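Structure file data.cif; described as mmCIF, C-alpha atoms.
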data_my_file
loop_
_atom_site.group_PDB
_atom_site.id
_atom_site.type_symbol
_atom_site.label_atom_id
_atom_site.label_comp_id
_atom_site.auth_asym_id
_atom_site.auth_seq_id
_atom_site.Cartn_x
_atom_site.Cartn_y
_atom_site.Cartn_z
ATOM 1 C CA MET A 12 -0.971 276.083 156.037
ATOM 2 C CA SER A 13 0.277 272.660 155.017
ATOM 3 C CA PRO A 14 3.605 271.491 156.454
ATOM 4 C CA ILE A 15 6.514 272.885 154.460
ATOM 5 C CA SER A 16 9.607 271.398 152.834
ATOM 6 C CA ILE A 17 13.075 272.728 153.732
ATOM 7 C CA ALA A 18 16.363 272.466 151.830
ATOM 8 C CA ILE A 19 19.669 273.458 153.459
ATOM 9 C CA ALA A 20 23.086 274.124 151.954
ATOM 10 C CA GLY A 21 25.929 273.936 154.455
ATOM 11 C CA ALA A 22 24.052 271.660 156.833
ATOM 12 C CA THR A 23 27.121 269.597 157.745
ATOM 13 C CA GLY A 24 28.731 272.522 159.592
ATOM 14 C CA ASP A 25 28.066 273.281 163.243
ATOM 15 C CA LEU A 26 25.442 275.968 162.648
ATOM 16 C CA GLY A 27 23.915 274.003 159.786
ATOM 17 C CA ARG A 28 23.418 270.942 161.974
ATOM 18 C CA ARG A 29 21.747 273.069 164.633
ATOM 19 C CA VAL A 30 19.400 274.540 162.024
ATOM 20 C CA ALA A 31 18.492 271.080 160.722
ATOM 21 C CA ARG A 32 17.846 269.791 164.238
ATOM 22 C CA ARG A 33 15.648 272.789 165.014
ATOM 23 C CA PHE A 34 13.467 272.128 161.993
ATOM 24 C CA LEU A 35 13.150 268.502 163.115
ATOM 25 C CA SER A 36 12.277 269.416 166.715
ATOM 26 C CA SER A 37 8.802 268.583 168.011
ATOM 27 C CA GLN A 38 7.826 272.257 167.790
ATOM 28 C CA TYR A 39 8.014 272.109 163.986
ATOM 29 C CA TYR A 40 8.127 268.501 162.815
ATOM 30 C CA PRO A 41 5.839 267.107 161.508
ATOM 31 C CA SER A 42 3.046 269.624 162.199
ATOM 32 C CA GLN A 43 4.703 272.590 160.438
ATOM 33 C CA VAL A 44 7.662 271.022 158.641
ATOM 34 C CA ALA A 45 7.076 267.970 156.466
ATOM 35 C CA GLU A 46 10.665 267.240 155.460
ATOM 36 C CA VAL A 47 14.212 268.574 155.625
ATOM 37 C CA LYS A 48 16.778 268.007 152.860
ATOM 38 C CA PHE A 49 20.417 268.995 152.565
ATOM 39 C CA PHE A 50 22.906 269.418 149.753
ATOM 40 C CA THR A 51 26.129 267.459 150.094
ATOM 41 C CA ARG A 52 29.048 266.479 147.887
ATOM 42 C CA ASN A 53 29.645 263.347 149.969
ATOM 43 C CA ALA A 54 26.612 261.576 151.405
ATOM 44 C CA SER A 55 28.841 258.923 152.977
ATOM 45 C CA SER A 56 30.816 261.370 155.156
ATOM 46 C CA ALA A 57 30.400 261.172 158.919
ATOM 47 C CA ALA A 58 28.681 264.575 159.044
ATOM 48 C CA SER A 59 26.252 263.622 156.267
ATOM 49 C CA GLN A 60 25.502 260.276 157.848
ATOM 50 C CA GLU A 61 24.749 262.004 161.144
ATOM 51 C CA LEU A 62 22.137 264.154 159.425
ATOM 52 C CA ILE A 63 20.706 261.215 157.493
ATOM 53 C CA GLY A 64 20.399 259.362 160.788
ATOM 54 C CA LEU A 65 18.279 262.225 162.117
ATOM 55 C CA GLY A 66 15.933 261.918 159.167
ATOM 56 C CA VAL A 67 17.388 264.623 156.899
ATOM 57 C CA LYS A 68 17.362 263.599 153.239
ATOM 58 C CA ALA A 69 20.609 263.968 151.285
ATOM 59 C CA ILE A 70 20.797 265.657 147.875
ATOM 60 C CA ASP A 71 24.133 264.675 146.367
ATOM 61 C CA SER A 72 23.511 265.253 142.652
ATOM 62 C CA GLY A 73 24.520 268.909 142.503
ATOM 63 C CA ILE A 74 22.811 272.265 142.145
ATOM 64 C CA SER A 75 19.759 272.184 139.905
ATOM 65 C CA ALA A 76 16.155 273.336 139.815
ATOM 66 C CA GLU A 77 15.157 269.667 139.749
ATOM 67 C CA ASN A 78 16.685 269.184 143.207
ATOM 68 C CA PHE A 79 14.626 272.095 144.538
ATOM 69 C CA LYS A 80 11.339 270.711 143.208
ATOM 70 C CA GLY A 81 8.692 270.805 145.951
ATOM 71 C CA VAL A 82 10.890 272.827 148.332
ATOM 72 C CA ASP A 83 9.261 275.812 150.063
ATOM 73 C CA VAL A 84 12.245 277.266 151.943
ATOM 74 C CA PHE A 85 15.928 277.272 151.049
ATOM 75 C CA VAL A 86 18.364 278.045 153.868
ATOM 76 C CA SER A 87 22.032 278.653 153.108
ATOM 77 C CA VAL A 88 24.545 278.168 155.909
ATOM 78 C CA LEU A 89 27.477 277.894 153.518
ATOM 79 C CA GLY A 90 30.917 278.949 154.721
ATOM 80 C CA GLU A 91 32.623 282.207 153.819
ATOM 81 C CA ALA A 92 34.909 280.392 151.365
ATOM 82 C CA THR A 93 31.912 279.661 149.104
ATOM 83 C CA SER A 94 32.295 281.603 145.872
ATOM 84 C CA LEU A 95 29.830 284.179 144.625
ATOM 85 C CA GLY A 96 29.218 281.968 141.610
ATOM 86 C CA ASP A 97 28.156 279.002 143.739
ATOM 87 C CA ARG A 98 25.961 281.164 145.969
ATOM 88 C CA ASN A 99 24.239 282.637 142.946
ATOM 89 C CA ALA A 100 23.841 279.227 141.302
ATOM 90 C CA TYR A 101 21.977 277.900 144.348
ATOM 91 C CA VAL A 102 19.520 280.780 144.529
ATOM 92 C CA LYS A 103 18.995 280.791 140.753
ATOM 93 C CA ALA A 104 18.053 277.104 140.832
ATOM 94 C CA ALA A 105 15.798 277.687 143.832
ATOM 95 C CA ALA A 106 14.014 280.548 142.101
ATOM 96 C CA GLU A 107 13.537 278.522 138.911
ATOM 97 C CA ALA A 108 11.955 275.713 140.935
ATOM 98 C CA GLY A 109 9.476 278.069 142.585
ATOM 99 C CA VAL A 110 10.952 278.081 146.103
ATOM 100 C CA LYS A 111 9.025 280.617 148.168
ATOM 101 C CA VAL A 112 11.544 281.759 150.808
ATOM 102 C CA TYR A 113 15.335 282.087 150.765
ATOM 103 C CA ILE A 114 17.520 282.759 153.820
ATOM 104 C CA PRO A 115 21.079 283.487 152.618
ATOM 105 C CA THR A 116 24.220 282.877 154.614
ATOM 106 C CA GLU A 117 24.545 286.122 156.565
ATOM 107 C CA PHE A 118 24.269 285.829 160.360
ATOM 108 C CA GLY A 119 26.648 288.676 161.127
ATOM 109 C CA ILE A 120 26.861 292.447 160.878
ATOM 110 C CA ASP A 121 24.461 294.673 158.952
ATOM 111 C CA HIS A 122 26.858 295.382 156.094
ATOM 112 C CA ARG A 123 24.501 297.638 154.132
ATOM 113 C CA LYS A 124 26.065 300.759 155.667
ATOM 114 C CA MET A 125 29.722 299.778 155.676
ATOM 115 C CA PRO A 126 32.117 302.736 156.187
ATOM 116 C CA PHE A 127 34.763 300.981 154.060
ATOM 117 C CA GLU A 128 35.027 298.188 151.491
ATOM 118 C CA HIS A 129 35.983 294.664 152.497
ATOM 119 C CA PRO A 130 35.964 291.498 150.308
ATOM 120 C CA ILE A 131 33.858 289.405 152.687
ATOM 121 C CA TRP A 132 31.047 291.916 153.001
ATOM 122 C CA GLU A 133 31.281 293.073 149.395
ATOM 123 C CA LEU A 134 30.671 289.465 148.322
ATOM 124 C CA LYS A 135 27.652 289.191 150.609
ATOM 125 C CA LEU A 136 26.261 292.462 149.296
ATOM 126 C CA ALA A 137 26.740 291.348 145.682
ATOM 127 C CA HIS A 138 24.922 288.087 146.367
ATOM 128 C CA ASP A 139 22.138 289.879 148.205
ATOM 129 C CA THR A 140 21.583 292.126 145.202
ATOM 130 C CA TYR A 141 21.516 289.160 142.828
ATOM 131 C CA ALA A 142 19.201 287.068 145.020
ATOM 132 C CA ARG A 143 16.620 289.841 145.214
ATOM 133 C CA SER A 144 16.622 290.334 141.441
ATOM 134 C CA VAL A 145 16.681 286.772 140.171
ATOM 135 C CA SER A 146 12.955 286.002 140.494
ATOM 136 C CA ASP A 147 11.276 289.343 139.831
ATOM 137 C CA GLY A 148 10.108 289.512 143.429
ATOM 138 C CA LYS A 149 8.554 286.044 143.544
ATOM 139 C CA LEU A 150 11.183 284.728 145.965
ATOM 140 C CA LYS A 151 11.029 286.180 149.470
ATOM 141 C CA VAL A 152 14.606 286.824 150.600
ATOM 142 C CA VAL A 153 15.205 287.325 154.327
ATOM 143 C CA SER A 154 18.730 288.333 155.334
ATOM 144 C CA ILE A 155 19.301 287.708 159.036
ATOM 145 C CA PHE A 156 21.765 289.932 160.894
ATOM 146 C CA VAL A 157 22.662 288.790 164.418
ATOM 147 C CA GLY A 158 25.718 290.852 165.346
ATOM 148 C CA LEU A 159 28.266 288.427 166.810
ATOM 149 C CA PHE A 160 27.947 284.735 167.663
ATOM 150 C CA LEU A 161 27.650 284.681 171.447
ATOM 151 C CA ASP A 162 29.228 281.222 171.728
ATOM 152 C CA ASP A 163 32.382 282.375 169.923
ATOM 153 C CA THR A 164 32.991 285.534 171.951
ATOM 154 C CA PHE A 165 35.684 284.162 174.243
ATOM 155 C CA PRO A 166 37.051 281.426 171.931
ATOM 156 C CA VAL A 167 38.015 284.282 169.584
ATOM 157 C CA GLY A 168 38.428 286.714 172.471
ATOM 158 C CA PRO A 169 42.010 287.890 171.855
ATOM 159 C CA ALA A 170 41.175 288.671 168.223
ATOM 160 C CA LEU A 171 38.263 290.788 169.443
ATOM 161 C CA GLY A 172 40.527 292.567 171.910
ATOM 162 C CA LEU A 173 39.103 290.588 174.843
ATOM 163 C CA ASP A 174 42.148 289.420 176.782
ATOM 164 C CA THR A 175 40.496 288.151 179.940
ATOM 165 C CA LEU A 176 43.523 286.324 181.297
ATOM 166 C CA GLY A 177 45.682 289.382 180.613
ATOM 167 C CA GLY A 178 43.093 291.599 182.290
ATOM 168 C CA VAL A 179 42.659 294.030 179.368
ATOM 169 C CA TYR A 180 39.795 294.638 176.936
ATOM 170 C CA THR A 181 40.550 296.853 173.930
ATOM 171 C CA SER A 182 37.732 298.352 171.900
ATOM 172 C CA VAL A 183 38.055 299.939 168.469
ATOM 173 C CA LEU A 184 36.489 303.411 168.533
ATOM 174 C CA SER A 185 34.067 303.968 171.402
ATOM 175 C CA PRO A 186 33.983 301.430 174.261
ATOM 176 C CA ASP A 187 30.430 302.560 175.003
ATOM 177 C CA THR A 188 28.835 301.452 171.723
ATOM 178 C CA ARG A 189 26.592 298.465 172.320
ATOM 179 C CA VAL A 190 27.228 295.216 170.437
ATOM 180 C CA SER A 191 24.517 292.625 169.797
ATOM 181 C CA PHE A 192 25.092 288.911 170.334
ATOM 182 C CA LEU A 193 23.075 285.825 169.474
ATOM 183 C CA SER A 194 23.829 282.224 170.400
ATOM 184 C CA ARG A 195 24.034 279.564 167.716
ATOM 185 C CA ASP A 196 20.959 277.821 169.099
ATOM 186 C CA ASP A 197 19.049 281.107 169.031
ATOM 187 C CA ILE A 198 20.137 281.622 165.422
ATOM 188 C CA ALA A 199 18.781 278.171 164.553
ATOM 189 C CA SER A 200 15.517 278.933 166.342
ATOM 190 C CA SER A 201 15.235 282.249 164.498
ATOM 191 C CA VAL A 202 15.831 280.608 161.119
ATOM 192 C CA ALA A 203 13.111 278.030 161.749
ATOM 193 C CA ARG A 204 10.624 280.597 163.002
ATOM 194 C CA ILE A 205 11.260 283.010 160.116
ATOM 195 C CA SER A 206 10.920 280.171 157.607
ATOM 196 C CA VAL A 207 7.452 279.252 158.862
ATOM 197 C CA LEU A 208 6.263 282.857 159.179
ATOM 198 C CA ALA A 209 7.571 283.985 155.796
ATOM 199 C CA THR A 210 6.113 280.987 153.971
ATOM 200 C CA ALA A 211 2.674 281.624 155.453
ATOM 201 C CA ASN A 212 2.819 285.393 154.855
ATOM 202 C CA PRO A 213 5.879 286.921 153.185
ATOM 203 C CA ALA A 214 4.883 290.429 154.288
ATOM 204 C CA SER A 215 4.947 289.406 157.969
ATOM 205 C CA VAL A 216 8.756 289.242 158.040
ATOM 206 C CA PRO A 217 11.115 292.091 157.051
ATOM 207 C CA ASP A 218 13.485 291.572 154.139
ATOM 208 C CA TYR A 219 16.359 292.390 156.499
ATOM 209 C CA ALA A 220 15.818 290.932 159.971
ATOM 210 C CA ARG A 221 18.117 292.338 162.641
ATOM 211 C CA ILE A 222 17.991 290.221 165.801
ATOM 212 C CA ASN A 223 19.196 291.197 169.259
ATOM 213 C CA GLY A 224 19.537 288.271 171.629
ATOM 214 C CA SER A 225 21.471 290.394 174.101
ATOM 215 C CA SER A 226 23.667 293.487 173.802
ATOM 216 C CA ILE A 227 26.458 295.058 175.806
ATOM 217 C CA SER A 228 29.283 297.585 175.388
ATOM 218 C CA TYR A 229 32.966 296.790 175.877
ATOM 219 C CA ARG A 230 32.934 298.926 179.009
ATOM 220 C CA ASP A 231 30.032 297.035 180.540
ATOM 221 C CA LEU A 232 31.425 293.683 179.403
ATOM 222 C CA ALA A 233 34.731 294.425 181.136
ATOM 223 C CA ARG A 234 32.816 295.354 184.267
ATOM 224 C CA LEU A 235 30.646 292.215 184.109
ATOM 225 C CA VAL A 236 33.537 289.805 183.526
ATOM 226 C CA GLY A 237 35.511 291.527 186.279
ATOM 227 C CA GLN A 238 32.642 291.070 188.731
ATOM 228 C CA VAL A 239 32.205 287.401 187.841
ATOM 229 C CA ARG A 240 35.924 286.703 188.138
ATOM 230 C CA GLY A 241 36.488 288.924 191.149
ATOM 231 C CA GLU A 242 39.264 290.872 189.441
ATOM 232 C CA GLU A 243 39.696 294.083 187.484
ATOM 233 C CA ILE A 244 39.507 294.119 183.693
ATOM 234 C CA LYS A 245 41.150 297.273 182.388
ATOM 235 C CA LEU A 246 39.735 299.074 179.356
ATOM 236 C CA GLU A 247 41.785 300.424 176.444
ATOM 237 C CA THR A 248 40.781 301.882 173.080
ATOM 238 C CA MET A 249 42.305 301.626 169.609
ATOM 239 C CA GLY A 250 41.883 304.940 167.792
ATOM 240 C CA GLU A 251 40.474 305.441 164.328
ATOM 241 C CA GLU A 252 43.779 306.078 162.520
ATOM 242 C CA GLU A 253 45.469 303.009 163.986
ATOM 243 C CA ALA A 254 42.416 300.914 163.170
ATOM 244 C CA LYS A 255 42.230 302.141 159.567
ATOM 245 C CA ALA A 256 45.900 301.334 159.060
ATOM 246 C CA ALA A 257 45.336 297.793 160.321
ATOM 247 C CA ILE A 258 42.284 297.379 158.090
ATOM 248 C CA LYS A 259 44.249 298.597 155.082
ATOM 249 C CA SER A 260 46.907 295.967 155.804
ATOM 250 C CA GLY A 261 44.231 293.235 155.705
ATOM 251 C CA ASN A 262 43.460 292.667 159.383
ATOM 252 C CA PHE A 263 39.953 291.159 159.340
ATOM 253 C CA TRP A 264 39.478 291.258 163.088
ATOM 254 C CA VAL A 265 40.216 294.964 163.385
ATOM 255 C CA ALA A 266 37.823 295.519 160.468
ATOM 256 C CA LEU A 267 35.125 293.635 162.365
ATOM 257 C CA ARG A 268 35.845 295.523 165.580
ATOM 258 C CA TYR A 269 35.695 298.809 163.658
ATOM 259 C CA THR A 270 32.182 297.954 162.494
ATOM 260 C CA MET A 271 31.303 297.164 166.111
ATOM 261 C CA GLY A 272 32.589 300.513 167.325
ATOM 262 C CA TYR A 273 30.874 302.183 164.377
ATOM 263 C CA GLY A 274 27.512 300.792 165.543
ATOM 264 C CA LEU A 275 26.858 298.299 162.733
ATOM 265 C CA THR A 276 26.310 295.473 165.236
ATOM 266 C CA ASP A 277 24.058 297.381 167.631
ATOM 267 C CA PHE A 278 20.563 295.968 167.116
ATOM 268 C CA SER A 279 19.369 296.725 170.643
ATOM 269 C CA THR A 280 16.637 299.142 169.549
ATOM 270 C CA ASP A 281 16.050 298.492 165.834
ATOM 271 C CA ASN A 282 15.328 294.779 165.478
ATOM 272 C CA ALA A 283 12.751 292.152 164.506
ATOM 273 C CA ASN A 284 12.649 290.416 167.880
ATOM 274 C CA GLU A 285 8.952 290.994 168.461
ATOM 275 C CA VAL A 286 8.086 289.719 164.991
ATOM 276 C CA ILE A 287 10.049 286.514 165.420
ATOM 277 C CA ASN A 288 9.762 285.826 169.135
ATOM 278 C CA PRO A 289 7.173 288.181 170.687
ATOM 279 C CA GLY A 290 7.683 288.558 174.409
ATOM 280 C CA GLU A 291 10.022 285.541 174.242
ATOM 281 C CA SER A 292 6.871 283.427 173.880
ATOM 282 C CA GLN A 293 8.577 280.959 171.519
ATOM 283 C CA TRP A 294 11.859 280.576 173.426
ATOM 284 C CA LYS A 295 14.148 282.531 175.760
ATOM 285 C CA TRP A 296 17.090 284.400 174.266
ATOM 286 C CA LYS A 297 20.410 283.470 175.841
ATOM 287 C CA THR A 298 21.998 286.570 177.377
ATOM 288 C CA VAL A 299 25.564 287.823 177.584
ATOM 289 C CA GLN A 300 25.349 287.662 181.358
ATOM 290 C CA GLU A 301 24.398 283.976 181.256
ATOM 291 C CA TYR A 302 27.277 283.288 178.892
ATOM 292 C CA VAL A 303 29.784 285.170 181.058
ATOM 293 C CA GLU A 304 28.612 283.341 184.171
ATOM 294 C CA GLU A 305 29.059 280.015 182.360
ATOM 295 C CA THR A 306 32.492 280.731 180.894
ATOM 296 C CA LYS A 307 34.016 283.199 183.380
ATOM 297 C CA GLY A 308 35.218 285.154 180.352
ATOM 298 C CA VAL A 309 37.472 282.470 178.865
ATOM 299 C CA ALA A 310 37.057 279.857 176.147
ATOM 300 C CA PRO A 311 35.914 276.405 177.303
ATOM 301 C CA GLU A 312 39.047 274.385 178.044
ATOM 302 C CA ASN A 313 40.902 277.512 176.846
ATOM 303 C CA LYS A 314 40.204 276.604 173.205
ATOM 304 C CA GLN A 315 40.697 279.398 170.712
ATOM 305 C CA LEU A 316 38.836 279.635 167.401
ATOM 306 C CA LEU A 317 40.804 281.969 165.175
ATOM 307 C CA ARG A 318 40.292 282.784 161.506
ATOM 308 C CA GLU A 319 43.221 281.650 159.407
#
Would you mind giving the structure from this file in structure tokens?
Amino acid sequence: MSPISIAIAGATGDLGRRVARRFLSSQYYPSQVAEVKFFTRNASSAASQELIGLGVKAIDSGISAENFKGVDVFVSVLGEATSLGDRNAYVKAAAEAGVKVYIPTEFGIDHRKMPFEHPIWELKLAHDTYARSVSDGKLKVVSIFVGLFLDDTFPVGPALGLDTLGGVYTSVLSPDTRVSFLSRDDIASSVARISVLATANPASVPDYARINGSSISYRDLARLVGQVRGEEIKLETMGEEEAKAAIKSGNFWVALRYTMGYGLTDFSTDNANEVINPGESQWKWKTVQEYVEETKGVAPENKQLLRE
């Protein structure tokens, strides 16, 4: 297979930059990846200039099929604030230009079996449906579900019910349901690997790729963090009625934790790990234990990353 061309939307964000760098790593560039492009509204911004300095080509003339000409894989790492209209416009232009593979901005829970409606996941589902219909099957769409971002676990810890400094972890529903985690670097590696595999043989990669870098339950996480810190982490549980009331009032974090307790982020047994990274032959997944040992269960420099 000839080296492929990649276009990225959302490349100036943290995850987007990691994805771009992974494509440009010696493992892929230039033997498997010929070029990497990115869409930007401001090519002179510091983030854009950083990417340009790495060798990523800027596309600053908007969304059009012309700008996708010659592109094999389109990766979207757009933020959650991106409208459904813009998401659909990107994939429509990509399909019209003959792009072979599309990886939409997912990288979270498997929302196909949601027990309740929520605007964020309803939008993703609507876009998924559109993306898979826009090209009459000619565009391979691979939605990647990773569970939770491992790197964000303790920076958003209190919102997830993980109060390490207070010594209490609170699950929603069962504390024994496993939750899958994947580091940002492992997400970037997965995106690059899937892009190459799916371009060479679309049937080799599932349409919905669930990835399990490492998984653990709230009970076992409390035990692990307690062991590393040398102190007890108590375990509490928020019941279903209390959780549903919070979700109804618009609490995103309880909604996310409900899906975790419901099992929608448990990819420990049903996943595409061996398709993407058989026997960890391509790279080693970062584990929850490694992350806990690094952080001691708290955010680096006690920084908190909370959704507004």
request  = Can you pull out every residue within 12 Å of A:Gln38, counting only C-alpha atoms, but drop anything in the same chain fewer than 4 positions away, and send it as a ChimeraX atom specification?
outcome  = /A:32-34,42-44,200,203-204,207,293-294
What residues come out when you apply the PyMOL selection byres ((chain A and resi 285) around 12) to this file, written as a list in words?
-> Ser201, Arg204, Ile205, Ser215, Val216, Pro217, Ala220, Arg221, Ile222, Asn223, Gly224, Thr280, Asp281, Asn282, Ala283, Asn284, Val286, Ile287, Asn288, Pro289, Gly290, Glu291, Ser292, Gln293, Trp294 and Trp296 of chain A
**OP:** May I ask for the distance between atom CA of A:Val239 and atom CA of A:Glu304, given in Å to one decimal place?
**Re:**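 Separation of atom CA of A:Val239 and atom CA of A:Glu304: 6.5 Å.
Comparing the minimum interatomic distances between A:Gly178 and each of A:Met12, A:Ile120, A:Leu62, A:Val236, counting only C-alpha atoms, we find that A:Val236 sits nearest.
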Within 9 Å of A:Leu275, counting only C-alpha atoms, which residues show up once you throw out same-chain ones fewer than 5 positions away? Write them as an MDAnalysis selection string, please. chainID A and resid 120:125 158 190 269:270
Evaluating the PyMOL selection byres ((chain A and resi 107-113) around 8) on the displayed file yields which residues, as a PDB file with C-alpha atoms, keeping the file's coordinate frame?
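Heads up, here's the output in result_34.pdb:
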ATOM      1  CA  ALA A  76      16.155 273.336 139.815  1.00  0.00           C
ATOM      2  CA  GLU A  77      15.157 269.667 139.749  1.00  0.00           C
ATOM      3  CA  PHE A  79      14.626 272.095 144.538  1.00  0.00           C
ATOM      4  CA  LYS A  80      11.339 270.711 143.208  1.00  0.00           C
ATOM      5  CA  GLY A  81       8.692 270.805 145.951  1.00  0.00           C
ATOM      6  CA  VAL A  82      10.890 272.827 148.332  1.00  0.00           C
ATOM      7  CA  ASP A  83       9.261 275.812 150.063  1.00  0.00           C
ATOM      8  CA  VAL A  84      12.245 277.266 151.943  1.00  0.00           C
ATOM      9  CA  PHE A  85      15.928 277.272 151.049  1.00  0.00           C
ATOM     10  CA  VAL A  86      18.364 278.045 153.868  1.00  0.00           C
ATOM     11  CA  SER A  87      22.032 278.653 153.108  1.00  0.00           C
ATOM     12  CA  VAL A 102      19.520 280.780 144.529  1.00  0.00           C
ATOM     13  CA  LYS A 103      18.995 280.791 140.753  1.00  0.00           C
ATOM     14  CA  ALA A 104      18.053 277.104 140.832  1.00  0.00           C
ATOM     15  CA  ALA A 105      15.798 277.687 143.832  1.00  0.00           C
ATOM     16  CA  ALA A 106      14.014 280.548 142.101  1.00  0.00           C
ATOM     17  CA  ILE A 114      17.520 282.759 153.820  1.00  0.00           C
ATOM     18  CA  PRO A 115      21.079 283.487 152.618  1.00  0.00           C
ATOM     19  CA  SER A 146      12.955 286.002 140.494  1.00  0.00           C
ATOM     20  CA  LYS A 149       8.554 286.044 143.544  1.00  0.00           C
ATOM     21  CA  LEU A 150      11.183 284.728 145.965  1.00  0.00           C
ATOM     22  CA  LYS A 151      11.029 286.180 149.470  1.00  0.00           C
ATOM     23  CA  VAL A 152      14.606 286.824 150.600  1.00  0.00           C
ATOM     24  CA  VAL A 153      15.205 287.325 154.327  1.00  0.00           C
ATOM     25  CA  SER A 206      10.920 280.171 157.607  1.00  0.00           C
ATOM     26  CA  ALA A 209       7.571 283.985 155.796  1.00  0.00           C
ATOM     27  CA  THR A 210       6.113 280.987 153.971  1.00  0.00           C
TER      28      THR A 210
END
| task | Excluding stretch 179-189 of chain A and any residue of its chain fewer than 6 positions from it, enumerate the residues within 7 Å of it, using only C-alpha atoms, and give them as a VMD selection string. | result | chain A and resid 172 to 173 226 to 230 233 244 to 251 254 268 to 269 272 274 277
- Task: Report as a PyMOL selection string the residues that result from applying the PyMOL selection byres ((chain A and resi 139) around 10) to the structure here.
- Result: chain A and resi 98-99+115-117+133-138+140-144+152-154
ask   = Rounded to one decimal in Å, what is the spacing between atom CA of A:Gln60 and atom CA of A:Ala45?
value =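 According to the coordinates, atom CA of A:Gln60 and atom CA of A:Ala45 are separated by 20.0 Å.
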| At what distance in Å, to one decimal, does atom CA of A:Ser194 lie from atom CA of A:Ala54? |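 The value is 28.2 Å.
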